[in-house]
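Colleague: Contents are CSV, C-alpha atoms; file name upload_6.csv:
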```csv
chain,number,residue,atom,x,y,z
A,128,MET,CA,-59.0,62.8,-2.5
A,129,ALA,CA,-59.3,63.7,-6.2
A,130,LEU,CA,-62.2,62.1,-8.1
A,131,ARG,CA,-60.0,60.1,-10.4
A,132,HIS,CA,-58.1,58.7,-7.4
A,133,PHE,CA,-61.4,57.7,-5.7
A,134,LEU,CA,-62.4,55.9,-8.8
A,135,LEU,CA,-59.1,54.1,-8.9
A,136,VAL,CA,-59.5,53.0,-5.3
A,137,PHE,CA,-63.0,51.7,-6.1
A,138,LEU,CA,-61.6,49.9,-9.2
A,139,VAL,CA,-59.0,48.1,-7.1
A,140,VAL,CA,-61.4,46.9,-4.4
A,141,THR,CA,-63.8,45.8,-7.1
A,142,LEU,CA,-61.1,43.9,-8.9
A,143,TRP,CA,-60.1,42.1,-5.6
A,144,ALA,CA,-63.8,41.4,-4.8
A,145,PHE,CA,-64.5,39.9,-8.2
A,146,ASN,CA,-61.4,37.8,-8.0
A,147,ASN,CA,-63.1,35.7,-5.3
A,148,ILE,CA,-66.0,35.1,-7.7
A,149,VAL,CA,-63.7,34.2,-10.6
A,150,VAL,CA,-61.6,31.9,-8.5
A,151,LYS,CA,-64.8,30.1,-7.3
A,152,TRP,CA,-65.7,29.6,-11.0
A,153,GLY,CA,-62.2,28.1,-11.7
A,154,LEU,CA,-62.4,25.8,-8.7
A,155,GLY,CA,-65.3,24.1,-10.3
A,156,GLU,CA,-63.0,22.8,-13.1
A,157,ILE,CA,-59.4,22.9,-11.7
A,158,PRO,CA,-58.0,21.6,-8.4
A,159,PRO,CA,-57.4,24.4,-5.9
A,160,LEU,CA,-53.6,23.9,-5.4
A,161,PHE,CA,-53.0,23.5,-9.1
A,162,LEU,CA,-55.1,26.6,-9.8
A,163,THR,CA,-52.8,28.5,-7.3
A,164,LEU,CA,-49.8,27.1,-9.0
A,165,MET,CA,-50.9,28.3,-12.5
A,166,ARG,CA,-51.6,31.7,-11.0
A,167,PHE,CA,-48.0,32.0,-9.7
A,168,VAL,CA,-46.6,30.7,-13.0
A,169,VAL,CA,-48.4,33.5,-15.0
A,170,VAL,CA,-47.4,36.2,-12.5
A,171,ALA,CA,-43.8,35.1,-12.6
A,172,LEU,CA,-43.7,35.0,-16.4
A,173,ILE,CA,-45.0,38.5,-16.5
A,174,LEU,CA,-42.9,40.2,-13.8
A,175,VAL,CA,-39.6,38.3,-13.2
A,176,PRO,CA,-38.0,39.1,-16.5
A,177,PHE,CA,-38.3,42.8,-15.9
A,178,THR,CA,-37.4,42.9,-12.2
A,179,ARG,CA,-34.3,42.2,-10.1
A,180,VAL,CA,-33.7,41.4,-6.4
A,181,THR,CA,-30.5,41.1,-4.4
A,182,ARG,CA,-29.2,38.1,-2.5
A,183,GLU,CA,-30.0,40.0,0.7
A,184,GLN,CA,-33.6,40.4,-0.3
A,185,LEU,CA,-34.0,36.6,-0.9
A,186,ARG,CA,-33.8,36.2,2.9
A,187,TYR,CA,-37.2,37.8,3.0
A,188,LEU,CA,-38.6,36.5,-0.2
A,189,LEU,CA,-38.0,32.8,0.7
A,190,PRO,CA,-40.2,32.9,3.8
A,191,LEU,CA,-42.8,35.0,2.0
A,192,ALA,CA,-43.0,32.3,-0.7
A,193,PHE,CA,-44.3,30.0,2.1
A,194,THR,CA,-46.4,32.4,4.2
A,195,PHE,CA,-47.9,34.4,1.4
A,196,GLY,CA,-47.6,32.0,-1.5
A,197,PHE,CA,-48.6,28.7,0.2
A,198,MET,CA,-50.3,29.7,3.5
A,199,HIS,CA,-52.4,32.6,2.2
A,200,PHE,CA,-53.2,31.8,-1.4
A,201,SER,CA,-53.1,28.0,-1.5
A,202,LEU,CA,-55.2,27.7,1.7
A,203,LEU,CA,-57.6,30.5,0.5
A,204,PHE,CA,-58.2,28.7,-2.8
A,205,LEU,CA,-58.6,25.4,-0.9
A,206,GLY,CA,-61.1,26.9,1.5
A,207,LEU,CA,-63.0,28.6,-1.3
A,208,LYS,CA,-63.5,25.1,-2.8
A,209,TYR,CA,-65.8,24.3,0.1
A,210,THR,CA,-67.5,27.6,0.9
A,211,ASP,CA,-68.9,30.5,-1.0
A,212,ALA,CA,-66.8,33.5,-2.2
A,213,GLY,CA,-68.4,36.0,0.2
A,214,THR,CA,-67.8,33.9,3.4
A,215,GLY,CA,-64.2,33.2,2.4
A,216,ALA,CA,-63.5,36.9,1.8
A,217,ILE,CA,-65.0,37.8,5.1
A,218,VAL,CA,-63.0,35.3,7.2
A,219,VAL,CA,-59.7,36.1,5.4
A,220,GLN,CA,-60.3,39.8,6.2
A,221,LEU,CA,-59.3,38.8,9.7
A,222,GLY,CA,-55.7,39.0,8.4
A,223,THR,CA,-55.7,42.7,9.3
A,224,PRO,CA,-56.4,42.3,13.0
A,225,PHE,CA,-54.2,39.2,13.2
A,226,ALA,CA,-51.3,41.3,11.8
A,227,MET,CA,-52.0,44.0,14.4
A,228,VAL,CA,-51.8,41.5,17.2
A,229,LEU,CA,-48.6,39.9,15.8
A,230,ALA,CA,-47.0,43.3,15.5
A,231,MET,CA,-47.8,44.0,19.1
A,232,VAL,CA,-46.2,40.7,20.2
A,233,PHE,CA,-43.1,40.6,17.9
A,234,LEU,CA,-42.5,44.2,17.0
A,235,GLN,CA,-43.6,45.8,20.3
A,236,GLU,CA,-46.1,48.0,18.5
A,237,LYS,CA,-48.8,49.3,20.9
A,238,LEU,CA,-52.5,48.7,20.6
A,239,SER,CA,-55.0,51.2,22.0
A,240,LEU,CA,-58.1,50.0,23.9
A,241,VAL,CA,-60.2,51.0,20.9
A,242,GLN,CA,-58.1,48.8,18.6
A,243,MET,CA,-58.3,45.9,21.0
A,244,LEU,CA,-62.1,46.4,21.1
A,245,GLY,CA,-62.2,46.3,17.3
A,246,ILE,CA,-60.2,43.0,17.2
A,247,ALA,CA,-62.5,41.5,19.8
A,248,VAL,CA,-65.6,42.5,17.8
A,249,SER,CA,-64.1,41.0,14.6
A,250,LEU,CA,-63.3,37.7,16.3
A,251,THR,CA,-66.8,37.6,17.7
A,252,GLY,CA,-68.0,37.8,14.1
A,253,VAL,CA,-66.0,34.7,13.2
A,254,VAL,CA,-67.7,32.8,16.0
A,255,VAL,CA,-71.1,33.9,14.6
A,256,LEU,CA,-70.0,32.9,11.1
A,257,ALA,CA,-69.1,29.5,12.3
A,258,GLY,CA,-72.8,28.7,12.8
A,259,SER,CA,-73.6,29.5,9.1
A,260,PRO,CA,-74.4,26.6,6.8
A,261,THR,CA,-72.1,28.2,4.2
A,262,ILE,CA,-69.2,26.9,6.3
A,263,PRO,CA,-69.9,23.1,6.1
A,264,SER,CA,-67.2,22.0,8.6
A,265,TRP,CA,-64.9,23.3,11.3
A,266,TRP,CA,-61.8,22.4,9.2
A,267,VAL,CA,-62.9,24.7,6.3
A,268,LEU,CA,-63.1,27.6,8.8
A,269,CYS,CA,-59.6,26.6,10.0
A,270,LEU,CA,-58.2,26.6,6.4
A,271,LEU,CA,-59.5,30.2,6.0
A,272,LEU,CA,-58.2,31.3,9.4
A,273,CYS,CA,-54.8,29.9,8.5
A,274,SER,CA,-54.9,31.8,5.2
A,275,ALA,CA,-55.6,35.0,7.1
A,276,ALA,CA,-52.8,34.2,9.5
A,277,GLY,CA,-50.5,33.7,6.5
A,278,TRP,CA,-51.4,37.1,5.2
A,279,ALA,CA,-50.7,38.6,8.7
A,280,ILE,CA,-47.3,37.0,9.1
A,281,SER,CA,-46.4,38.1,5.6
A,282,ASN,CA,-47.1,41.7,6.5
A,283,LEU,CA,-44.6,41.4,9.4
A,284,ILE,CA,-41.9,40.0,7.0
A,285,VAL,CA,-42.6,42.7,4.4
A,286,LYS,CA,-42.2,45.4,7.1
A,287,LYS,CA,-38.8,44.0,8.0
A,288,SER,CA,-37.7,43.6,4.3
A,289,SER,CA,-35.1,45.9,2.9
A,290,GLY,CA,-36.8,48.1,0.3
A,291,ILE,CA,-38.0,45.5,-2.2
A,292,LYS,CA,-40.0,47.1,-4.9
A,293,PRO,CA,-43.7,45.9,-4.9
A,294,LEU,CA,-43.8,44.4,-8.4
A,295,ALA,CA,-40.4,42.8,-7.9
A,296,MET,CA,-41.7,41.3,-4.6
A,297,THR,CA,-44.8,40.0,-6.3
A,298,GLY,CA,-43.0,38.5,-9.2
A,299,TRP,CA,-40.1,36.8,-7.3
A,300,LEU,CA,-42.4,35.7,-4.5
A,301,SER,CA,-44.5,34.0,-7.1
A,302,LEU,CA,-41.5,32.3,-8.7
A,303,LEU,CA,-40.2,31.0,-5.4
A,304,ALA,CA,-43.7,29.7,-4.4
A,305,ILE,CA,-43.9,27.6,-7.5
A,306,PRO,CA,-41.9,24.6,-6.1
A,307,ILE,CA,-43.8,24.7,-2.8
A,308,VAL,CA,-47.3,24.8,-4.3
A,309,GLY,CA,-46.3,22.5,-7.1
A,310,PHE,CA,-45.1,19.8,-4.8
A,311,SER,CA,-48.2,20.2,-2.6
A,312,SER,CA,-50.4,19.8,-5.7
A,313,LEU,CA,-48.5,16.7,-6.9
A,314,VAL,CA,-48.9,15.0,-3.5
A,315,MET,CA,-52.5,15.9,-2.7
A,316,GLU,CA,-54.2,16.2,-6.1
A,317,SER,CA,-54.6,14.2,-9.3
A,318,GLY,CA,-55.7,14.9,-12.9
A,319,GLN,CA,-54.3,18.4,-12.9
A,320,LEU,CA,-53.1,18.5,-16.5
A,321,THR,CA,-56.3,16.9,-17.7
A,322,SER,CA,-58.4,19.5,-15.9
A,323,LEU,CA,-56.4,22.2,-17.5
A,324,VAL,CA,-56.7,20.8,-21.0
A,325,HIS,CA,-60.5,20.4,-20.6
A,326,ALA,CA,-61.1,23.6,-18.7
A,327,SER,CA,-63.7,26.0,-20.2
A,328,TRP,CA,-63.4,29.8,-20.4
A,329,ARG,CA,-64.2,29.9,-16.7
A,330,GLY,CA,-61.2,27.9,-15.7
A,331,TRP,CA,-58.8,29.9,-17.9
A,332,LEU,CA,-60.4,33.2,-16.8
A,333,ALA,CA,-59.7,32.3,-13.1
A,334,ILE,CA,-56.0,31.8,-13.9
A,335,ILE,CA,-55.5,34.9,-16.1
A,336,TYR,CA,-57.8,37.2,-14.0
A,337,SER,CA,-56.2,36.2,-10.7
A,338,ALA,CA,-52.7,36.7,-12.0
A,339,VAL,CA,-53.1,39.8,-14.2
A,340,CYS,CA,-56.1,41.8,-12.9
A,341,SER,CA,-56.0,40.9,-9.2
A,342,SER,CA,-52.2,40.8,-8.7
A,343,VAL,CA,-50.3,42.9,-11.3
A,344,VAL,CA,-52.9,45.6,-12.2
A,345,ALA,CA,-54.7,46.0,-8.9
A,346,TYR,CA,-51.5,46.0,-6.7
A,347,SER,CA,-49.7,48.4,-9.1
A,348,ILE,CA,-52.6,50.9,-8.7
A,349,TRP,CA,-52.8,50.3,-5.0
A,350,TYR,CA,-49.1,50.9,-4.3
A,351,GLY,CA,-49.3,54.0,-6.5
A,352,LEU,CA,-52.1,55.4,-4.4
A,353,LEU,CA,-50.2,54.6,-1.2
A,354,ARG,CA,-47.3,56.8,-2.5
A,355,THR,CA,-49.8,59.7,-3.0
A,356,TYR,CA,-51.9,59.5,0.1
A,357,ASN,CA,-51.5,58.6,3.8
A,358,VAL,CA,-51.9,54.9,4.6
A,359,ASN,CA,-54.7,55.7,7.2
A,360,LEU,CA,-56.7,57.3,4.4
A,361,ILE,CA,-56.3,54.5,1.9
A,362,MET,CA,-56.3,51.3,3.9
A,363,PRO,CA,-59.9,51.5,5.2
A,364,TRP,CA,-61.2,51.3,1.7
A,365,SER,CA,-59.9,47.7,1.5
A,366,LEU,CA,-62.8,46.9,3.9
A,367,LEU,CA,-65.1,47.2,0.9
A,368,THR,CA,-63.6,44.1,-0.6
A,369,PRO,CA,-65.4,41.4,1.5
A,370,VAL,CA,-68.6,43.5,1.3
A,371,LEU,CA,-68.5,43.6,-2.5
A,372,SER,CA,-67.6,39.9,-2.5
A,373,VAL,CA,-70.8,39.0,-0.6
A,374,ILE,CA,-72.9,41.2,-2.9
A,375,MET,CA,-71.3,39.7,-6.1
A,376,GLY,CA,-71.7,36.2,-4.7
A,377,VAL,CA,-75.4,36.8,-4.4
A,378,LEU,CA,-75.6,38.4,-7.9
A,379,PHE,CA,-73.3,36.2,-9.9
A,380,GLN,CA,-73.5,32.8,-8.1
A,381,GLY,CA,-76.9,32.9,-6.3
A,382,ASP,CA,-75.2,32.6,-2.9
A,383,SER,CA,-77.6,32.3,-0.1
A,384,MET,CA,-77.9,34.8,2.8
A,385,ASN,CA,-78.8,33.8,6.4
A,386,VAL,CA,-78.8,35.5,9.8
A,387,PHE,CA,-75.4,34.0,10.8
A,388,LYS,CA,-73.7,35.2,7.6
A,389,ILE,CA,-75.2,38.7,7.7
A,390,CYS,CA,-74.5,39.3,11.4
A,391,GLY,CA,-71.1,37.6,11.3
A,392,SER,CA,-70.0,39.6,8.2
A,393,LEU,CA,-71.1,42.9,9.8
A,394,LEU,CA,-69.2,42.1,13.0
A,395,VAL,CA,-66.0,41.2,11.2
A,396,VAL,CA,-66.0,44.3,8.9
A,397,LEU,CA,-67.1,46.6,11.8
A,398,GLY,CA,-64.5,45.2,14.1
A,399,THR,CA,-61.8,45.5,11.5
A,400,ALA,CA,-62.8,49.1,10.7
A,401,ILE,CA,-62.7,50.0,14.4
A,402,ALA,CA,-59.2,48.4,14.7
A,403,VAL,CA,-57.6,50.0,11.6
A,404,ILE,CA,-59.3,53.4,11.0
A,405,ASN,CA,-57.4,56.2,12.8
A,406,LEU,CA,-60.2,58.7,13.3
A,407,ARG,CA,-57.8,61.4,14.6
A,408,ASN,CA,-55.7,61.2,11.4
A,409,LEU,CA,-58.8,61.2,9.2
A,410,ARG,CA,-60.0,64.3,11.0
A,411,MET,CA,-56.7,65.9,10.5
A,412,HIS,CA,-56.7,65.1,6.8
A,413,ALA,CA,-60.2,66.5,6.5
A,414,ARG,CA,-59.1,69.8,8.1
A,415,LEU,CA,-56.1,70.3,5.8
A,416,PRO,CA,-58.1,71.4,2.7
A,417,ARG,CA,-60.1,73.9,4.8
A,418,LEU,CA,-56.9,75.4,6.3
A,419,LYS,CA,-55.4,75.7,2.8
A,420,ARG,CA,-58.6,77.5,1.6
A,421,MET,CA,-58.4,79.9,4.6
A,422,ARG,CA,-54.9,80.8,3.6
```
Could you take the file, read its structure, and then write that structure out as C-alpha cells?

Modeller:
Amino acid sequence: MALRHFLLVFLVVTLWAFNNIVVKWGLGEIPPLFLTLMRFVVVALILVPFTRVTREQLRYLLPLAFTFGFMHFSLLFLGLKYTDAGTGAIVVQLGTPFAMVLAMVFLQEKLSLVQMLGIAVSLTGVVVLAGSPTIPSWWVLCLLLCSAAGWAISNLIVKKSSGIKPLAMTGWLSLLAIPIVGFSSLVMESGQLTSLVHASWRGWLAIIYSAVCSSVVAYSIWYGLLRTYNVNLIMPWSLLTPVLSVIMGVLFQGDSMNVFKICGSLLVVLGTAIAVINLRNLRMHARLPRLKRMR
C-alpha cells in the first residue's frame, strides 16, 4: 500500500474514532434522538441536491432508513448517553461478526471454523464487558447490541441493493430517516429546540462533525480506497476505530480503565480480527510485489 493511502486509511479510522468523543460531548447538551435527527438533516442538505436515486432503489433505501438510520445511529447515540465513548465503540464493533452470522443464515454464505472461533471470542468479550462499571445497566448494553445488529442488517440490505452510489445512499438514507427519527424524538424527548438554541460549541461541533467529517468526508475516502485495494486488505484497518476511541476517551474525557473494560475490549477486537482477516489473501497480496520485482 502506498504511503499516502496508508495515511488516508489512518485518517479515516481516526475521524470515526473521534466522532464517538464528539458525539459524547454533544450528548451533554442535546437529547440523543434529536442530535441524531440534526445529523441526518445536515447530511441530507449536503448530499441530496447533488445525487439521484431510482424508484427501484427506494425499495432498499426505505428499510435502510430504519435499520441504519434508526436502529444503528439512534440507538448508538442513545447508548452513548449512558456509557463512555470507548465502551460504546467496542460493543458496536460486534456489528461485523453479527453481519457474518446473518449472511450465513440468510445468504447461505459459509463460515470457516476459524471465523466461527473469532465470533465466539468476540461474544465472550461482550460478556466480560457486561461486568464493567462503565455499562451501568443491562438495558444500556442491549441498546448498543441492537445498534450493532442494525449495522449488520444494513450490510445485508446494501449487498442486495442495485448499484446505489455510496454518497447517494448516504444522502437519501439520511433524508428518509428524518421522519422516523424525528417522530421518535418528538414522542420520547422534550426541550429539543431549547437545547439547540442554548447549545455551546460542543453541541454544534457534534452535529457538524458527525455529519460532515464522519459521514461525508470519511466515507468518501473509504469507498475510494475500497475501489483501489482488495476489501480483505482494507477492512481490517477499521478494527483500529474502537481501539482509538478507548484511547481518545481516556485522553480527552478522562474515561476510566478497569480489568473488565481492558479484557473485554481486547477479546472483542481480537475475535473480530480473527473472524474478518483473511490471512491467505493477505499473504497473497504480500507476495505480489515480490513477484513483480522478480520479473

Colleague: Using Å and a single decimal, report how far atom CA of A:Val255 sits from atom CA of A:Leu271.

Modeller: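 If I compute the distance from atom CA of A:Leu271 to atom CA of A:Val255, I get 14.9 Å.
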
Colleague: Please identify all polymer residues within 10 Å of A:Leu160, counting only C-alpha atoms, omitting same-chain residues fewer than 5 positions from it, and present them as an NGL selection string.

Modeller: :A and (154 or 165-166 or 197 or 200-205 or 308-313 or 315-316 or 319)

Colleague: Go ahead and compute the interatomic distance for atom CA of A:Leu393 and atom CA of A:Ser372, in Å to one decimal.

Modeller: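 Atom CA of A:Ser372 lies 13.1 Å from atom CA of A:Leu393.
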
Colleague: With distances taken over all atoms listed in the file, which residue among A:Lys388, A:Val403, A:Ser288, A:Pro369 lies nearest A:Val140?

Modeller: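 When distances to A:Val140 are compared using all atoms listed in the file, the smallest one comes from A:Pro369.
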
Colleague: For A:Pro260, which residue among A:Val149, A:Thr214, A:Met198, A:Leu320 is the nearest when counting all atoms listed in the file?

Modeller: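 The answer is A:Thr214, which sits nearest to A:Pro260.
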
Colleague: State, in Å with one decimal place, the distance from atom CA of A:Val314 to atom CA of A:Asn146.

Modeller: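 Taking atom CA of A:Val314 and atom CA of A:Asn146, their separation equals 26.4 Å.
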
Colleague: Find the residue from A:Tyr350, A:Trp265, A:Trp328, A:Phe225 that sits nearest to A:Ala279; use only C-alpha atoms when measuring.

Modeller: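 For A:Ala279, the nearest of the given residues is A:Phe225.
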
Colleague: Give me the residues near A:Leu332 as JSON, numbers by chain, where near means some atom within 9 Å (using all atoms listed in the file) and where sequence neighbours in that chain fewer than 4 positions away do not count.

Modeller: {"A": [149, 150, 152, 153, 327, 328, 336, 337]}

Colleague: Counting only C-alpha atoms, which of A:Ile334, A:Leu191, A:Leu207, A:Leu244 gets nearest to A:Thr163?

Modeller: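 Among the listed residues, A:Ile334 lies closest to A:Thr163.
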
Colleague: Excluding same-chain residues fewer than 6 positions from A:Ala400, what lies within 10 Å of it counting all atoms listed in the file, as a list in words?

Modeller: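 Selected residues are Thr223, Pro224, Gln242, Gly245, Ile246, Ser249, Met362, Pro363, Trp364, Ser365, Leu366 and Leu394 of chain A.
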
Colleague: Based on the selection just made, write C-alpha atoms of those residues as a PDB file, in the coordinates of the input.

Modeller:
```pdb
ATOM      1  CA  THR A 223     -55.700  42.700   9.300  1.00  0.00           C
ATOM      2  CA  PRO A 224     -56.400  42.300  13.000  1.00  0.00           C
ATOM      3  CA  GLN A 242     -58.100  48.800  18.600  1.00  0.00           C
ATOM      4  CA  GLY A 245     -62.200  46.300  17.300  1.00  0.00           C
ATOM      5  CA  ILE A 246     -60.200  43.000  17.200  1.00  0.00           C
ATOM      6  CA  SER A 249     -64.100  41.000  14.600  1.00  0.00           C
ATOM      7  CA  MET A 362     -56.300  51.300   3.900  1.00  0.00           C
ATOM      8  CA  PRO A 363     -59.900  51.500   5.200  1.00  0.00           C
ATOM      9  CA  TRP A 364     -61.200  51.300   1.700  1.00  0.00           C
ATOM     10  CA  SER A 365     -59.900  47.700   1.500  1.00  0.00           C
ATOM     11  CA  LEU A 366     -62.800  46.900   3.900  1.00  0.00           C
ATOM     12  CA  LEU A 394     -69.200  42.100  13.000  1.00  0.00           C
TER      13      LEU A 394
END
```

Colleague: When you look at A:Pro176 with a cut-off of 9 Å (counting only C-alpha atoms), what residues show up, excluding the ones that are within fewer than 4 positions of it in the same chain? I need them as a list of chain:residue names.

Modeller: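 Once the adjacent positions are removed, what remains is A:Ala171, A:Leu172, A:Gly298.
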
Colleague: Could you check the closest approach to A:Ala192 for each of A:Val248, A:Leu164, A:Leu238, A:Val232 and tell me which residue wins, using all atoms listed in the file?

Modeller: A:Leu164

Colleague: At a cut-off of 8 Å, using all atoms listed in the file, what residues contact A:Ile148? Leave out same-chain residues fewer than 6 positions from it and give the result as an MDAnalysis selection string.

Modeller: chainID A and resid 212 372 375:376 379:380

Colleague: Which of these, A:Ser301, A:Gln184, A:Ser239, A:Thr261, has the shortest distance to A:Asp211 once you count only C-alpha atoms?

Modeller: A:Thr261

Colleague: Mind giving me the axis-aligned box for stretch 310-325 of chain A with 8 Å on every side, centre plus edges in Å to one decimal, as AutoDock Vina command-line options?

Modeller:
```
--center_x -52.8 --center_y 18.2 --center_z -11.8 --size_x 31.4 --size_y 24.0 --size_z 34.4
```

Colleague: Around (-38.1, 41.0, -9.8) in the file's own coordinates, what residues are found within 8 Å if you use only C-alpha atoms, given back as a PyMOL selection string?

Modeller: chain A and resi 174-180+294-299

Colleague: Within 12 Å of (-58.3, 52.8, -5.4) (file coordinates; only C-alpha atoms), which protein or nucleic acid residues are there? I'd like them as a PDB file with C-alpha atoms, in the frame of the given file.

Modeller:
```
ATOM      1  CA  MET A 128     -59.000  62.800  -2.500  1.00  0.00           C
ATOM      2  CA  ALA A 129     -59.300  63.700  -6.200  1.00  0.00           C
ATOM      3  CA  LEU A 130     -62.200  62.100  -8.100  1.00  0.00           C
ATOM      4  CA  ARG A 131     -60.000  60.100 -10.400  1.00  0.00           C
ATOM      5  CA  HIS A 132     -58.100  58.700  -7.400  1.00  0.00           C
ATOM      6  CA  PHE A 133     -61.400  57.700  -5.700  1.00  0.00           C
ATOM      7  CA  LEU A 134     -62.400  55.900  -8.800  1.00  0.00           C
ATOM      8  CA  LEU A 135     -59.100  54.100  -8.900  1.00  0.00           C
ATOM      9  CA  VAL A 136     -59.500  53.000  -5.300  1.00  0.00           C
ATOM     10  CA  PHE A 137     -63.000  51.700  -6.100  1.00  0.00           C
ATOM     11  CA  LEU A 138     -61.600  49.900  -9.200  1.00  0.00           C
ATOM     12  CA  VAL A 139     -59.000  48.100  -7.100  1.00  0.00           C
ATOM     13  CA  VAL A 140     -61.400  46.900  -4.400  1.00  0.00           C
ATOM     14  CA  THR A 141     -63.800  45.800  -7.100  1.00  0.00           C
ATOM     15  CA  LEU A 142     -61.100  43.900  -8.900  1.00  0.00           C
ATOM     16  CA  TRP A 143     -60.100  42.100  -5.600  1.00  0.00           C
ATOM     17  CA  VAL A 344     -52.900  45.600 -12.200  1.00  0.00           C
ATOM     18  CA  ALA A 345     -54.700  46.000  -8.900  1.00  0.00           C
ATOM     19  CA  TYR A 346     -51.500  46.000  -6.700  1.00  0.00           C
ATOM     20  CA  SER A 347     -49.700  48.400  -9.100  1.00  0.00           C
ATOM     21  CA  ILE A 348     -52.600  50.900  -8.700  1.00  0.00           C
ATOM     22  CA  TRP A 349     -52.800  50.300  -5.000  1.00  0.00           C
ATOM     23  CA  TYR A 350     -49.100  50.900  -4.300  1.00  0.00           C
ATOM     24  CA  GLY A 351     -49.300  54.000  -6.500  1.00  0.00           C
ATOM     25  CA  LEU A 352     -52.100  55.400  -4.400  1.00  0.00           C
ATOM     26  CA  LEU A 353     -50.200  54.600  -1.200  1.00  0.00           C
ATOM     27  CA  THR A 355     -49.800  59.700  -3.000  1.00  0.00           C
ATOM     28  CA  TYR A 356     -51.900  59.500   0.100  1.00  0.00           C
ATOM     29  CA  LEU A 360     -56.700  57.300   4.400  1.00  0.00           C
ATOM     30  CA  ILE A 361     -56.300  54.500   1.900  1.00  0.00           C
ATOM     31  CA  MET A 362     -56.300  51.300   3.900  1.00  0.00           C
ATOM     32  CA  PRO A 363     -59.900  51.500   5.200  1.00  0.00           C
ATOM     33  CA  TRP A 364     -61.200  51.300   1.700  1.00  0.00           C
ATOM     34  CA  SER A 365     -59.900  47.700   1.500  1.00  0.00           C
ATOM     35  CA  LEU A 366     -62.800  46.900   3.900  1.00  0.00           C
ATOM     36  CA  LEU A 367     -65.100  47.200   0.900  1.00  0.00           C
ATOM     37  CA  THR A 368     -63.600  44.100  -0.600  1.00  0.00           C
TER      38      THR A 368
END
```
